[in-house]
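Visitor: Attaching a single structure in structure tokens format; questions to follow.
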Amino acid sequence: MPELPEVETIKLGLQKKTIGLTISNIEVLSPKSFIGKAKDLKNKKIQQVWRRAKILGIDVEGRMTLLFHLKMTGQLIYNPSTRLRASSRFIGGHPTPDMRDKMPNSHTRVIFTFSDGSHLYFNDQRKFGWIKIVKFGEGIPGTLGPEPLTKEFSWQILKTNLLRHKSMPVKVAIMDQSVVSGVGNIYANEACFDAKIDPKTKVKDLDDLQFKKLHSGIIKSLTDGIAHGGSSRAHFVDAEGRKGYFLDYAFVYGRDRKPCKKCGTTIEKIILGGRGSYFCPTCQQ
DNA sequence: CACTTGACCTGTCCGC
DNA sequence: TGCGGACAGGTCAAGT
């Protein structure tokens with residue numbers, strides 16, 4: 001679920017809702033999901049919420065930062081209500097699907113409670129995700145490539161970084177976070193489609209025009225993803241528990257055996273780098 | 001060294 | 001209806 005557009009969507013929501021709130025309690029239901037001493041954050045005020053690659057950061061008083069990585073199935077949901085608390089309240093009720101994501105559920109791993117009584121839930125079905133307490137300014141890997149939605153990300157930088165993986169399929173290479181940060185499987189597929197490049201093309205076989213198209217394809221697919229509130233295969237919800245709808249707009253991801261939205265050719269699915277990869281054999285050559 | 005596979009976990013969906 | 005297997009947004013470590 002969470003690639004750059006999804007984490008960005010959550011960031012925007014949390015900036016709006018949580019800056020200035022004071023943490024009054026942290027309940028860690030799954031110890032493996034939380035690294036650090038939760039007590040250190042008690043009575044600390046949230047100062048800033050930011051994103052780098054797919055990592056979300058929350059700066060708190062005392063020069064500490066909470067880092068979140070949602071991996072495959074993580075969710076971060078802010079609930080302003082002081083009443084939605086014990087999951088037992090909902091047993092036997094008829095919650096909507098969105099509510100089911102929102103409330104504490106069997107996948108809730110960490111619950112933050114704020115001094116105004118509101119809550120932030122970290123839900124994560126597969127427990128791959130994590131929360132870490134680090135010192136301000138620490139904890140982000142130094143190997144991360146450029147942020148694709150800033151001016152530091154030029155097509156020349158993309159070309160230089162990709163050429164470290166000359167014989168790799170281009171779609172696999174753009175998922176390497178040291179090449180460009182934040183692109184995951186969904187947007188890698190969409191970016192290749194937008195660039196009209198077959199995802200299995202080796203990096204060394206691309207020409208400059210294709211590097212330029214790939215560069216703009218990455219930016220376009222990520223930007224569209226944010227505009228549609230992120231993707232939603234099954235798990236993604238924003239900071240208020242709402243689903244994103246980018247996949248309704250996807251050209252190739254998840255559309256194998258369906259007709260290409262541009263030319264009608266049947267979309268194919270292959271495995272590249274161990275991941276499902278989708279492309280239109282007519283549009284992408 | 002470059003690249004692929006397996007592991008981490010849990011759930012869902014599909015075919016038989 | 002049940003059951004086994006494949007697969008799922010990410011990233012490491014281990015293996016080839």
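Ligands are numbered from 1 in the order shown, residues from 1 within each chain, and chains are lettered A, B, ... in the order they appear in the structure tokens.
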Name the residues in contact with segment 111-115 of chain A at a cut-off of 10 Å, using only C-alpha atoms (C1' of nucleotides), excluding same-chain residues fewer than 4 positions from it; report them as a list in words.

Guide: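 What passes the distance filter is Thr18, Leu21, Thr22, Ile23, Ser24, Asn25, Ile26, Glu27, Val28, Leu29, Ala38, Lys42, Asn43, Lys44, Lys45, Ile46, Leu76, Ile77, Tyr78, Asn79, Pro80, Thr82, Arg85, Pro104, His119, Leu120, Tyr121, Phe122 and Asn123 of chain A.
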
Visitor: Skipping near chain neighbours, those fewer than 6 positions away, what residues fall within 8 Å of Tyr278 of chain A using only C-alpha atoms (C1' of nucleotides), listed as a count of residues only?

Guide: 10

Visitor: Within 9 Å of chain B, which residues of chain A show up? Give each one with its shortest atom-to-atom distance in Å (one decimal) and the two atoms involved, counting only C-alpha atoms (C1' of nucleotides), rows by chain then rising residue number, as a Markdown table.

Guide:
| residue | atom | partner | partner_atom | distance |
| --- | --- | --- | --- | --- |
| A:Gln125 | CA | B:DT10 | C1' | 5.9 |
| A:Arg126 | CA | B:DC9 | C1' | 4.5 |
| A:Lys127 | CA | B:DC9 | C1' | 6.0 |
| A:Phe128 | CA | B:DC8 | C1' | 6.7 |
| A:His165 | CA | B:DA2 | C1' | 8.1 |
| A:Ser167 | CA | B:DA2 | C1' | 8.6 |
| A:Met168 | CA | B:DC3 | C1' | 7.9 |
| A:Gly273 | CA | B:DT4 | C1' | 7.1 |
| A:Gly274 | CA | B:DT4 | C1' | 8.0 |

Visitor: With DSSP run on the backbone, what are the strand (DSSP E) residues within segment 71-242 of chain A? I'd like them as a list in words.

Guide: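 Result set for segment 71-242 of chain A (strand (DSSP E)): Gly74, Gln75, Leu76, Ile77, Tyr78, Asn79, Thr108, Arg109, Val110, Ile111, Phe112, Thr113, Phe114, His119, Leu120, Tyr121, Phe122, Asn123, Asp124, Trp130, Ile131, Lys132, Ile133, Val134 and Lys135 of chain A.
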
Visitor: Set the distance at 8 Å and use only C-alpha atoms (C1' of nucleotides): which residues neighbour Leu4 of chain A once local chain neighbours fewer than 3 positions away are removed? I'd like the list as a ChimeraX atom specification.

Guide: /A:7-8,53-54,182-184,222

Visitor: Could you write those residues out with N, CA, C and O atoms, as a tab-separated table (two decimals), in the first residue's frame?

Guide:
chain	number	residue	atom	x	y	z
A	7	VAL	N	2.03	7.79	1.72
A	7	VAL	CA	2.64	8.38	2.92
A	7	VAL	C	2.45	9.89	2.90
A	7	VAL	O	2.17	10.51	3.93
A	8	GLU	N	2.56	10.49	1.72
A	8	GLU	CA	2.34	11.93	1.59
A	8	GLU	C	0.91	12.31	1.99
A	8	GLU	O	0.67	13.30	2.68
A	53	ALA	N	11.06	9.90	1.53
A	53	ALA	CA	10.83	8.62	0.86
A	53	ALA	C	9.50	8.04	1.39
A	53	ALA	O	8.49	8.73	1.40
A	54	LYS	N	9.49	6.81	1.86
A	54	LYS	CA	8.25	6.24	2.39
A	54	LYS	C	8.21	6.30	3.90
A	54	LYS	O	7.38	5.64	4.53
A	182	GLY	N	10.93	6.46	-2.91
A	182	GLY	CA	9.48	6.55	-2.79
A	182	GLY	C	8.69	5.78	-3.83
A	182	GLY	O	7.47	5.67	-3.71
A	183	VAL	N	9.36	5.26	-4.87
A	183	VAL	CA	8.64	4.52	-5.90
A	183	VAL	C	8.55	3.05	-5.51
A	183	VAL	O	9.57	2.40	-5.29
A	184	GLY	N	7.36	2.52	-5.43
A	184	GLY	CA	7.15	1.11	-5.13
A	184	GLY	C	6.53	0.41	-6.33
A	184	GLY	O	6.56	0.92	-7.46
A	222	LEU	N	3.27	9.60	-9.66
A	222	LEU	CA	3.24	9.92	-8.22
A	222	LEU	C	2.31	11.10	-7.95
A	222	LEU	O	1.53	11.08	-6.99

Visitor: Residues of chain A within 12 Å of chain C, using only C-alpha atoms (C1' of nucleotides), as a ChimeraX atom specification?

Guide: /A:1-7,53-55,69-75,125-130,175-177,182-188,230-237,247,253-254,271,274-276

Visitor: Find the residues near Thr150 of chain A: any atom within 10 Å, counting only C-alpha atoms (C1' of nucleotides), skip ones fewer than 4 places away on the same chain, and give them as a PyMOL selection string.

Guide: chain A and resi 146+154+219

Visitor: Save out the residues we just selected, N, CA and C atoms, as an mmCIF file, in the first residue's frame.

Guide:
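Produced file again-v6.cif, reproduced below:
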data_model
loop_
_atom_site.group_PDB
_atom_site.id
_atom_site.type_symbol
_atom_site.label_atom_id
_atom_site.label_comp_id
_atom_site.auth_asym_id
_atom_site.auth_seq_id
_atom_site.Cartn_x
_atom_site.Cartn_y
_atom_site.Cartn_z
ATOM 1 N N PRO A 146 17.236 10.729 -4.527
ATOM 2 C CA PRO A 146 16.524 12.006 -4.486
ATOM 3 C C PRO A 146 15.010 11.855 -4.323
ATOM 4 N N SER A 154 16.425 15.373 -11.356
ATOM 5 C CA SER A 154 16.477 15.685 -12.788
ATOM 6 C C SER A 154 16.568 14.386 -13.583
ATOM 7 N N ILE A 219 7.269 11.207 -12.143
ATOM 8 C CA ILE A 219 6.669 12.392 -11.516
ATOM 9 C C ILE A 219 5.156 12.406 -11.739
#

Visitor: Give the alpha helix (DSSP H) residues of segment 94-261 of chain A, as DSSP finds them on the backbone, and put them as number ranges by chain.

Guide: A: 97-102, 155-162, 170-173, 185-194, 208-227, 246-249

Visitor: Extract, using only C-alpha atoms (C1' of nucleotides), all DNA, RNA and protein residues at most 12 Å from Pro141 of chain A, discarding same-chain residues fewer than 2 positions from it, and format them as a list in words.

Guide: Arg52, Ala53, Lys54, Ile55, Leu67, Gly137, Glu138, Gly139, Thr143, Leu144, Gly145, Gln177, Ser178 and Ser181 of chain A

Visitor: Got time to write the residues from that selection, C-alpha atoms, as a PDB file, in the first residue's frame?

Guide:
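So out_5.pdb came out as:
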ATOM      1  CA  ARG A  52      11.207  11.382   3.459  1.00  0.00           C
ATOM      2  CA  ALA A  53      10.826   8.616   0.863  1.00  0.00           C
ATOM      3  CA  LYS A  54       8.252   6.235   2.386  1.00  0.00           C
ATOM      4  CA  ILE A  55       9.179   7.166   5.952  1.00  0.00           C
ATOM      5  CA  LEU A  67       9.767   7.492  12.615  1.00  0.00           C
ATOM      6  CA  GLY A 137      17.809  14.432  12.682  1.00  0.00           C
ATOM      7  CA  GLU A 138      18.790  10.774  12.936  1.00  0.00           C
ATOM      8  CA  GLY A 139      17.488   7.465  11.692  1.00  0.00           C
ATOM      9  CA  THR A 143      21.563   5.826   0.903  1.00  0.00           C
ATOM     10  CA  LEU A 144      18.180   7.181  -0.099  1.00  0.00           C
ATOM     11  CA  GLY A 145      18.064   8.643  -3.577  1.00  0.00           C
ATOM     12  CA  GLN A 177      15.309   3.424  -3.132  1.00  0.00           C
ATOM     13  CA  SER A 178      18.876   4.617  -3.708  1.00  0.00           C
ATOM     14  CA  SER A 181      13.128   7.370  -3.285  1.00  0.00           C
TER      15      SER A 181
END

Visitor: Can you tell me how far atom CA of Ser30 of chain A sits from atom CA of Ser81 of chain A, in Å to one decimal?

Guide: 23.2 Å

Visitor: Report, in Å to a single decimal, how far apart atom CA of Val203 of chain A and atom CA of Cys260 of chain A are.

Guide: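 Value for the atom CA of Cys260 of chain A-atom CA of Val203 of chain A distance: 24.5 Å.
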